[in-house]
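S.K.: Dropping in coords_14.txt, with compact mmCIF, C-alpha atoms.
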```txt
# COMPACT_ATOMS: atom_id res chain seq x y z
CA MET A 306 30.59 -3.17 -14.61
CA LYS A 307 30.42 0.32 -13.24
CA VAL A 308 27.19 1.48 -11.71
CA LYS A 309 26.58 3.91 -14.55
CA GLU A 310 26.91 1.18 -17.14
CA ILE A 311 24.56 -1.05 -15.22
CA ILE A 312 22.00 1.74 -15.14
CA GLU A 313 22.33 2.30 -18.86
CA SER A 314 22.26 -1.35 -19.86
CA ASN A 315 19.51 -2.08 -17.43
CA PRO A 316 17.04 0.79 -17.53
CA VAL A 317 14.88 0.72 -14.46
CA GLU A 318 11.52 -0.74 -15.08
CA CYS A 319 10.24 1.42 -12.31
CA GLU A 320 6.73 0.47 -11.40
CA ALA A 321 5.68 3.98 -10.49
CA PRO A 322 7.63 5.74 -13.20
CA ASN A 323 8.49 9.34 -12.88
CA MET A 324 7.78 10.99 -16.20
CA ARG A 325 8.80 14.46 -15.16
CA LYS A 326 11.96 15.51 -16.95
CA ASP A 327 13.73 17.58 -14.35
CA GLN A 328 14.46 16.38 -10.88
CA GLU A 329 12.54 18.08 -8.12
CA SER A 330 14.09 18.75 -4.76
CA GLY A 331 13.61 20.82 -1.62
CA TRP A 332 10.40 22.82 -1.44
CA LYS A 333 9.21 21.46 -4.75
CA LEU A 334 8.66 18.17 -2.96
CA LEU A 335 6.32 19.77 -0.45
CA LYS A 336 3.29 19.16 -2.66
CA TYR A 337 3.85 15.41 -2.51
CA LEU A 338 4.11 15.63 1.26
CA ILE A 339 0.75 17.41 1.39
CA VAL A 340 -0.95 14.89 -0.90
CA GLY A 341 0.57 12.11 1.22
CA ILE A 342 -0.75 13.68 4.43
CA LEU A 343 -4.27 13.99 3.02
CA PHE A 344 -4.05 10.42 1.78
CA GLY A 345 -2.95 9.20 5.22
CA ILE A 346 -5.84 11.05 6.86
CA VAL A 347 -8.33 9.41 4.49
CA PHE A 348 -6.79 6.00 5.27
CA VAL A 349 -7.30 6.48 8.98
CA LYS A 350 -10.70 8.14 8.79
CA ALA A 351 -12.14 5.42 6.58
CA GLU A 352 -10.50 2.83 8.84
CA VAL A 353 -8.98 1.11 5.81
CA ILE A 354 -5.80 0.76 7.88
CA SER A 355 -7.72 -1.61 10.14
CA TRP A 356 -6.75 -5.27 10.19
CA PHE A 357 -10.43 -6.02 10.80
CA ARG A 358 -11.55 -4.29 7.57
CA ILE A 359 -9.20 -6.51 5.60
CA GLN A 360 -10.52 -9.59 7.37
CA GLU A 361 -14.10 -8.51 6.58
CA MET A 362 -13.08 -8.15 2.95
CA PHE A 363 -11.45 -11.57 2.64
CA ARG A 364 -14.36 -13.18 4.48
CA LEU A 365 -16.86 -11.41 2.18
CA GLN A 366 -18.63 -10.15 5.26
CA SER A 367 -18.68 -6.48 4.46
CA PHE A 368 -19.00 -4.46 1.29
CA PHE A 369 -16.90 -1.63 2.71
CA MET A 370 -13.45 -2.36 1.24
CA TYR A 371 -14.95 -3.38 -2.09
CA GLY A 372 -16.77 -0.07 -2.11
CA VAL A 373 -13.58 1.85 -1.29
CA ILE A 374 -11.41 0.12 -3.90
CA GLY A 375 -14.18 0.00 -6.51
CA SER A 376 -15.08 3.68 -6.23
CA ALA A 377 -11.38 4.65 -6.16
CA ILE A 378 -10.89 2.77 -9.45
CA LEU A 379 -14.00 4.34 -10.94
CA VAL A 380 -12.76 7.84 -10.13
CA GLY A 381 -9.30 6.87 -11.40
CA VAL A 382 -10.63 5.53 -14.72
CA LEU A 383 -12.80 8.60 -15.28
CA SER A 384 -10.04 11.05 -14.45
CA ILE A 385 -7.46 9.36 -16.68
CA GLN A 386 -10.00 9.38 -19.53
CA VAL A 387 -10.60 13.09 -18.97
CA ILE A 388 -6.85 13.77 -18.84
CA LYS A 389 -6.24 11.83 -22.06
CA ARG A 390 -9.18 13.18 -24.02
CA LEU A 391 -8.68 16.79 -23.08
CA GLY A 392 -4.90 16.49 -23.33
CA ILE A 393 -4.48 18.01 -19.88
CA LYS A 394 -0.90 18.94 -19.04
CA THR A 395 1.00 18.99 -15.79
CA LEU A 396 1.38 22.18 -13.79
CA ALA A 397 4.85 22.49 -15.31
CA GLY A 398 3.31 22.26 -18.78
CA GLU A 399 4.53 18.77 -19.68
CA PRO A 400 2.24 16.35 -21.49
CA ILE A 401 1.01 13.71 -19.03
CA LYS A 402 2.51 10.30 -19.71
CA ILE A 403 1.60 6.99 -18.12
CA ALA A 404 3.71 3.91 -18.76
CA ASN A 405 1.95 0.72 -19.79
CA LYS A 406 2.30 -2.33 -17.56
CA GLU A 407 3.70 -5.38 -19.24
CA PHE A 408 2.51 -8.80 -18.28
CA ARG A 409 5.03 -10.91 -16.36
CA LYS A 410 4.71 -14.11 -14.37
CA GLY A 411 5.54 -12.08 -11.29
CA GLN A 412 2.11 -10.51 -11.33
CA VAL A 413 0.68 -13.99 -10.76
CA ILE A 414 3.24 -15.48 -8.36
CA GLY A 415 4.27 -12.28 -6.62
CA GLY A 416 0.67 -11.11 -6.55
CA PHE A 417 -0.38 -14.27 -4.75
CA ILE A 418 2.51 -13.96 -2.28
CA PHE A 419 1.58 -10.35 -1.54
CA GLY A 420 -2.03 -11.46 -1.00
CA LEU A 421 -0.89 -13.95 1.65
CA GLY A 422 0.98 -11.18 3.46
CA TRP A 423 -1.87 -8.70 3.03
CA ALA A 424 -4.27 -10.96 4.94
CA LEU A 425 -1.71 -11.58 7.70
CA THR A 426 -0.59 -8.00 8.30
CA GLY A 427 -3.96 -6.49 7.40
CA ALA A 428 -2.10 -3.87 5.42
CA CYS A 429 -0.68 -3.15 2.03
CA PRO A 430 2.38 -0.90 1.95
CA GLY A 431 0.44 2.40 2.16
CA PRO A 432 -1.51 1.56 5.31
CA LEU A 433 1.70 0.32 6.98
CA PHE A 434 2.99 3.89 7.03
CA ALA A 435 -0.35 5.23 8.27
CA GLN A 436 -0.57 2.57 11.00
CA ILE A 437 2.83 3.59 12.33
CA GLY A 438 1.82 7.26 12.22
CA PHE A 439 -1.45 6.42 13.98
CA GLY A 440 0.54 5.08 16.91
CA TYR A 441 1.03 1.38 16.29
CA SER A 442 4.79 1.68 16.65
CA VAL A 443 5.34 -2.07 16.53
CA ILE A 444 4.39 -1.97 12.83
CA VAL A 445 7.88 -0.53 12.28
CA VAL A 446 8.99 -4.16 12.53
CA THR A 447 6.53 -5.15 9.79
CA LEU A 448 7.78 -2.28 7.62
CA LEU A 449 11.43 -3.23 8.11
CA SER A 450 10.52 -6.79 7.27
CA ALA A 451 8.76 -5.59 4.11
CA ILE A 452 11.90 -3.68 3.14
CA ALA A 453 13.89 -6.86 3.78
CA GLY A 454 11.45 -8.78 1.55
CA THR A 455 11.91 -6.20 -1.20
CA TRP A 456 15.68 -6.50 -0.85
CA VAL A 457 15.62 -10.29 -1.04
CA TYR A 458 13.46 -10.07 -4.15
CA GLY A 459 15.98 -7.67 -5.69
CA LYS A 460 18.83 -9.97 -4.81
CA PHE A 461 17.27 -12.97 -6.54
CA ALA A 462 15.22 -11.14 -9.17
CA ASP A 463 17.12 -12.58 -12.12
CA LYS A 464 16.82 -16.13 -10.83
CA LEU A 465 13.07 -16.12 -10.30
CA PRO A 466 10.60 -16.97 -13.07
CA ASN A 467 9.28 -13.77 -14.53
CA MET B 595 -18.14 24.45 12.50
CA GLU B 596 -18.47 22.19 15.52
CA GLN B 597 -20.88 20.01 13.63
CA MET B 598 -18.38 19.84 10.82
CA ILE B 599 -15.65 18.65 13.20
CA GLU B 600 -18.06 16.13 14.70
CA TRP B 601 -18.82 14.83 11.23
CA ILE B 602 -15.13 14.56 10.36
CA LYS B 603 -14.49 12.61 13.53
CA GLN B 604 -16.98 9.93 12.54
CA PRO B 605 -15.60 7.10 10.41
CA TRP B 606 -15.97 8.13 6.76
CA PRO B 607 -18.17 5.98 4.52
CA TRP B 608 -16.69 4.13 1.56
CA TYR B 609 -18.27 6.47 -0.98
CA VAL B 610 -16.33 9.37 0.53
CA ALA B 611 -13.03 7.57 1.10
CA GLY B 612 -12.91 5.63 -2.18
CA PRO B 613 -13.32 8.64 -4.51
CA LEU B 614 -10.78 10.65 -2.45
CA ILE B 615 -8.26 7.82 -2.80
CA GLY B 616 -9.06 7.63 -6.51
CA LEU B 617 -8.41 11.36 -6.87
CA THR B 618 -4.80 10.75 -5.86
CA VAL B 619 -4.31 9.37 -9.40
CA PRO B 620 -5.05 12.58 -11.34
CA VAL B 621 -3.60 14.82 -8.63
CA LEU B 622 -0.16 13.13 -8.78
CA LEU B 623 -0.25 13.14 -12.59
CA ILE B 624 -1.12 16.81 -12.76
CA ILE B 625 1.21 18.12 -10.07
CA GLY B 626 4.26 16.27 -11.34
CA ASN B 627 3.63 13.59 -13.97
CA LYS B 628 3.84 10.92 -11.29
CA SER B 629 2.14 7.55 -11.46
CA PHE B 630 0.56 6.54 -8.18
CA GLY B 631 2.33 3.62 -6.48
CA ILE B 632 3.40 3.12 -2.90
CA SER B 633 5.34 -0.13 -2.73
CA SER B 634 8.07 1.45 -4.90
CA SER B 635 9.05 3.42 -1.80
CA LEU B 636 10.33 0.16 -0.29
CA ARG B 637 12.53 -0.36 -3.33
CA HIS B 638 13.84 3.21 -3.11
CA ALA B 639 14.62 2.61 0.56
CA CYS B 640 16.72 -0.41 -0.45
CA ALA B 641 18.39 1.50 -3.28
CA ALA B 642 19.21 4.38 -0.95
CA CYS B 643 20.36 2.44 2.10
CA ILE B 644 21.44 -1.09 1.19
CA PRO B 645 21.98 -1.33 -2.59
CA ALA B 646 24.82 -3.87 -2.13
CA LYS B 647 25.73 -3.66 -5.84
CA ILE B 648 22.55 -5.54 -6.75
CA PRO B 649 21.51 -4.46 -10.28
CA PHE B 650 17.86 -4.21 -9.23
CA PHE B 651 18.81 -1.38 -6.88
CA GLN B 652 21.23 0.44 -9.20
CA TYR B 653 19.20 3.36 -10.41
CA ASP B 654 18.84 7.01 -9.68
CA TRP B 655 16.61 6.71 -6.62
CA LYS B 656 17.03 10.41 -5.92
CA LYS B 657 14.92 11.12 -8.97
CA GLU B 658 12.19 9.13 -7.25
CA ASN B 659 12.53 10.83 -3.88
CA TRP B 660 9.04 12.31 -4.29
CA ASN B 661 7.80 8.80 -3.53
CA LEU B 662 9.64 8.74 -0.21
CA VAL B 663 8.29 12.21 0.62
CA PHE B 664 4.80 10.95 -0.24
CA VAL B 665 4.99 8.01 2.18
CA LEU B 666 6.42 10.32 4.84
CA GLY B 667 3.23 12.29 4.29
CA VAL B 668 1.11 9.17 4.71
CA PHE B 669 2.88 8.54 8.02
CA LEU B 670 2.28 12.13 9.15
CA GLY B 671 -1.33 11.98 7.96
CA GLY B 672 -1.86 8.91 10.12
CA GLY B 673 -0.50 10.85 13.08
CA ILE B 674 -2.60 13.95 12.42
CA ALA B 675 -5.77 11.89 12.07
CA SER B 676 -4.94 10.04 15.26
CA LEU B 677 -4.22 13.21 17.26
CA PHE B 678 -6.94 15.55 16.05
CA LEU B 679 -9.61 13.69 14.11
CA SER B 680 -9.85 10.33 15.74
CA ASN B 681 -13.12 8.65 16.43
CA PRO B 682 -13.67 8.22 20.18
CA GLU B 683 -15.90 5.19 19.63
CA ALA B 684 -14.66 1.65 19.06
CA ILE B 685 -14.47 0.44 15.47
CA VAL B 686 -17.59 -1.37 14.26
CA VAL B 687 -16.60 -4.79 12.96
CA ALA B 688 -19.15 -6.93 11.11
CA GLU B 689 -20.91 -9.31 13.49
CA SER B 690 -20.07 -12.36 11.39
CA THR B 691 -16.38 -11.40 11.22
CA GLN B 692 -16.31 -10.99 15.01
CA GLN B 693 -17.74 -14.49 15.41
CA ASP B 694 -15.26 -16.00 12.95
CA LEU B 695 -12.31 -14.27 14.59
CA ALA B 696 -13.48 -15.17 18.09
CA GLN B 697 -13.26 -18.82 17.05
CA LEU B 698 -9.64 -18.16 16.15
CA GLY B 699 -9.05 -16.57 19.53
CA ILE B 700 -9.20 -12.89 18.56
CA THR B 701 -11.62 -11.21 20.91
CA ASP B 702 -10.46 -7.61 21.29
CA PHE B 703 -12.43 -5.47 18.84
CA ARG B 704 -11.86 -2.09 20.44
CA SER B 705 -9.19 -0.63 18.21
CA LEU B 706 -8.24 -0.65 14.53
CA LEU B 707 -5.78 -3.50 15.01
CA PRO B 708 -6.43 -6.44 17.34
CA ALA B 709 -4.49 -5.83 20.54
CA ASP B 710 -4.32 -9.63 20.93
CA ILE B 711 -1.73 -9.64 18.15
CA PHE B 712 -0.28 -6.22 17.39
CA SER B 713 1.68 -5.20 20.46
CA TRP B 714 5.37 -4.97 21.29
CA SER B 715 5.01 -7.69 23.91
CA ASN B 716 4.30 -10.15 21.08
CA LEU B 717 7.39 -9.24 19.10
CA PHE B 718 9.56 -12.15 20.17
CA THR B 719 6.78 -14.72 20.14
CA LEU B 720 5.36 -16.89 17.37
CA LYS B 721 2.63 -14.28 16.87
CA GLY B 722 5.27 -11.66 16.22
CA LEU B 723 7.12 -13.99 13.89
CA PHE B 724 4.04 -14.62 11.74
CA PHE B 725 2.18 -11.32 11.83
CA PHE B 726 5.12 -8.89 11.78
CA VAL B 727 8.16 -10.65 10.40
CA ILE B 728 6.77 -13.19 7.92
CA GLY B 729 3.72 -11.06 7.07
CA GLY B 730 5.86 -8.01 6.36
CA PHE B 731 8.35 -10.05 4.37
CA LEU B 732 5.58 -11.49 2.15
CA VAL B 733 4.21 -7.99 1.55
CA GLY B 734 7.61 -6.61 0.53
CA PHE B 735 8.71 -9.61 -1.52
CA GLY B 736 5.33 -10.14 -3.17
CA THR B 737 4.65 -6.53 -4.12
CA ARG B 738 8.05 -6.13 -5.74
CA TYR B 739 7.79 -9.47 -7.54
CA ALA B 740 4.35 -8.41 -8.77
CA GLY B 741 5.67 -4.99 -9.69
CA GLY B 742 3.22 -3.08 -7.55
CA CYS B 743 0.67 -3.23 -4.77
CA THR B 744 -2.93 -2.21 -4.29
CA SER B 745 -2.11 1.37 -5.26
CA GLY B 746 0.14 0.74 -8.26
CA HIS B 747 -1.80 -2.14 -9.79
CA ALA B 748 -5.34 -2.21 -8.39
CA ILE B 749 -5.89 1.54 -8.47
CA MET B 750 -3.36 3.14 -10.86
CA GLY B 751 -3.01 0.19 -13.25
CA ILE B 752 -6.68 -0.67 -13.59
CA SER B 753 -7.55 3.04 -13.82
CA ASN B 754 -5.29 3.12 -16.84
CA LEU B 755 -7.05 0.00 -18.19
CA GLN B 756 -3.95 -2.20 -17.97
CA TRP B 757 -4.97 -5.85 -18.06
CA PRO B 758 -1.75 -7.09 -16.34
CA SER B 759 -2.80 -4.99 -13.34
CA MET B 760 -6.18 -6.69 -13.37
CA VAL B 761 -4.41 -10.07 -13.29
CA ALA B 762 -2.17 -8.90 -10.44
CA THR B 763 -5.18 -7.66 -8.47
CA MET B 764 -6.99 -10.96 -8.93
CA PHE B 765 -3.98 -12.78 -7.51
CA PHE B 766 -3.70 -10.32 -4.61
CA MET B 767 -7.26 -11.28 -3.74
CA LEU B 768 -6.66 -15.01 -4.26
CA GLY B 769 -3.64 -14.87 -1.95
CA GLY B 770 -5.70 -13.06 0.66
CA PHE B 771 -8.56 -15.56 0.46
CA ALA B 772 -6.10 -18.46 0.70
CA MET B 773 -4.41 -17.01 3.77
CA THR B 774 -7.66 -16.09 5.51
CA HIS B 775 -9.53 -19.33 4.90
CA LEU B 776 -6.89 -22.03 4.44
CA ILE B 777 -3.77 -20.99 6.34
CA LEU B 778 -4.75 -18.54 9.09
CA PRO B 779 -6.70 -21.13 11.12
CA TYR B 780 -3.55 -23.28 11.34
CA ILE B 781 -1.34 -20.32 12.19
CA MET B 782 -3.72 -19.27 14.96
CA GLN B 783 -3.69 -22.77 16.41
CA TRP B 784 0.06 -22.80 16.29
CA VAL B 785 0.70 -19.39 17.82
CA GLY B 786 -1.88 -20.25 20.46
CA LEU B 787 -4.29 -17.47 21.32
```
What is this structure when it is put down as structure tokens?

M.R.:
Amino acid sequence: MKVKEIIESNPVECEAPNMRKDQESGWKLLKYLIVGILFGIVFVKAEVISWFRIQEMFRLQSFFMYGVIGSAILVGVLSIQVIKRLGIKTLAGEPIKIANKEFRKGQVIGGFIFGLGWALTGACPGPLFAQIGFGYSVIVVTLLSAIAGTWVYGKFADKLPN
Amino acid sequence: MEQMIEWIKQPWPWYVAGPLIGLTVPVLLIIGNKSFGISSSLRHACAACIPAKIPFFQYDWKKENWNLVFVLGVFLGGGIASLFLSNPEAIVVAESTQQDLAQLGITDFRSLLPADIFSWSNLFTLKGLFFFVIGGFLVGFGTRYAGGCTSGHAIMGISNLQWPSMVATMFFMLGGFAMTHLILPYIMQWVGL
């Protein structure tokens, strides 16, 4: 099968789907860089990139991470409700679309596996990038390993229960 | 102004950081119809660099390059915060956590990551094997298998009231509790701190 056929017969169930019609490139991508930078600064300033914060969370010895994640979700829920009810459009004038998540066994098995790794590395994928930027250059190894893990999942995706 | 800078240099409380992280959801939707999710960047990296004819990596990753630009931003943001806004004081770790970790042999609480573990000199040791190689692998494998990480499921998915994301988040937490309480003590014995 040619690559194009594979793509067509196998539409990507992308987990962070891109609903924008046209493809952005060059300077149009700058806005995502800026949001990413601000996001990285918040990660560092709230110390959520700290291995110790994650340990506190899993030992139920600090409210901090629960407060961060809980208030982030609260703001997320409220803003999506506002967007949906007011029919807010994107800057380019498109209607905002959010794909639904379908339940799969992977959310249970894969979720548990990610949790194991989260407690070991003290980081989910986002903080990995911020840790490297902060100066913990050895985390590059963790990131490469995470990419390897993603690749191995992709390789065996059709053989795993899902 | 100076007071402002001083305030910024302090660690930010959860009720400042959490809402700012949550705001990423509407901001990405409004600026480009993008759903928040970070672990996808790892998949795009595979699709771009080592697709190896695997169907899972045969898609138009270039259309998703915003995601790679976003994580580049997170990296740069980490650097900017470290260079210009970093807190000169040591991180404050809960007393009880310090005691628990000390029992496991982790005693250096001066920086964001324990220097006992996260240094280049540990790379080719058992510590490196567990905390960098195996840990990273589990994060990459698990997030993709689950179809998202803390950002895509716990924040974006639950914000959009998706129950599968709630399930995924519960299992993220269960995995973390299991590692912390059941497995980590054995690993720490084995790697010998």

S.K.: Can you work out which one of B:Trp601, B:Gly667, B:Met760, B:Gly751 has the shortest atom-to-atom distance to chain A, counting all atoms listed in the file?

M.R.: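 The shortest atom-to-atom distance to chain A comes from B:Gly667.
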
S.K.: Quick one: distance from CA of Ala428 in chain A to CA of Tyr653 in chain B in Å, one decimal?

M.R.: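 Distance between the two atoms: 27.5 Å.
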
S.K.: Can you tell me which residues surround Leu338 in chain A at a distance of at most 7 Å, considering only C-alpha atoms, apart from same-chain residues fewer than 3 positions away, and format the answer as a PDB file with C-alpha atoms, in the frame of the given file?

M.R.:
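Saved result, result-v3.pdb, follows:
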```pdb
ATOM      1  CA  LEU A 334       8.660  18.170  -2.960  1.00  0.00           C
ATOM      2  CA  LEU A 335       6.320  19.770  -0.450  1.00  0.00           C
ATOM      3  CA  GLY A 341       0.570  12.110   1.220  1.00  0.00           C
ATOM      4  CA  ILE A 342      -0.750  13.680   4.430  1.00  0.00           C
TER       5      ILE A 342
ATOM      6  CA  VAL B 663       8.290  12.210   0.620  1.00  0.00           C
ATOM      7  CA  PHE B 664       4.800  10.950  -0.240  1.00  0.00           C
ATOM      8  CA  LEU B 666       6.420  10.320   4.840  1.00  0.00           C
ATOM      9  CA  GLY B 667       3.230  12.290   4.290  1.00  0.00           C
TER      10      GLY B 667
END
```

S.K.: With a distance cut-off of 10 Å and all atoms listed in the file, select the neighbouring residues of Gly722 in chain B, excluding the residue or stretch itself and same-chain residues fewer than 4 positions from it, and output the selection as a compact mmCIF listing (two decimals) with C-alpha atoms, in the coordinates of the input.

M.R.:
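around_34.txt, written as the output of this step:
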```
# COMPACT_ATOMS: atom_id res chain seq x y z
CA VAL A 443 5.34 -2.07 16.53
CA VAL A 446 8.99 -4.16 12.53
CA THR A 447 6.53 -5.15 9.79
CA ILE B 711 -1.73 -9.64 18.15
CA PHE B 712 -0.28 -6.22 17.39
CA SER B 713 1.68 -5.20 20.46
CA TRP B 714 5.37 -4.97 21.29
CA SER B 715 5.01 -7.69 23.91
CA ASN B 716 4.30 -10.15 21.08
CA LEU B 717 7.39 -9.24 19.10
CA PHE B 718 9.56 -12.15 20.17
CA PHE B 726 5.12 -8.89 11.78
CA VAL B 727 8.16 -10.65 10.40
CA ILE B 728 6.77 -13.19 7.92
CA GLY B 729 3.72 -11.06 7.07
CA VAL B 785 0.70 -19.39 17.82
```

S.K.: Dump as a list in words all residues having an atom at most 7 Å from (2.4, 15.2, -5.6), computed in the file's coordinates with all atoms listed in the file.

M.R.: Lys336, Tyr337 and Val340 of chain A; Val621, Leu622, Ile625 and Gly626 of chain B

S.K.: How big is the axis-aligned box around all listed atoms of range 723-740 of chain B once 3 Å goes on each side, and where's its centre, in Å to one decimal, as AutoDock Vina command-line options?

M.R.:
```
--center_x 5.4 --center_y -10.4 --center_z 2.6 --size_x 12.5 --size_y 14.5 --size_z 28.7
```
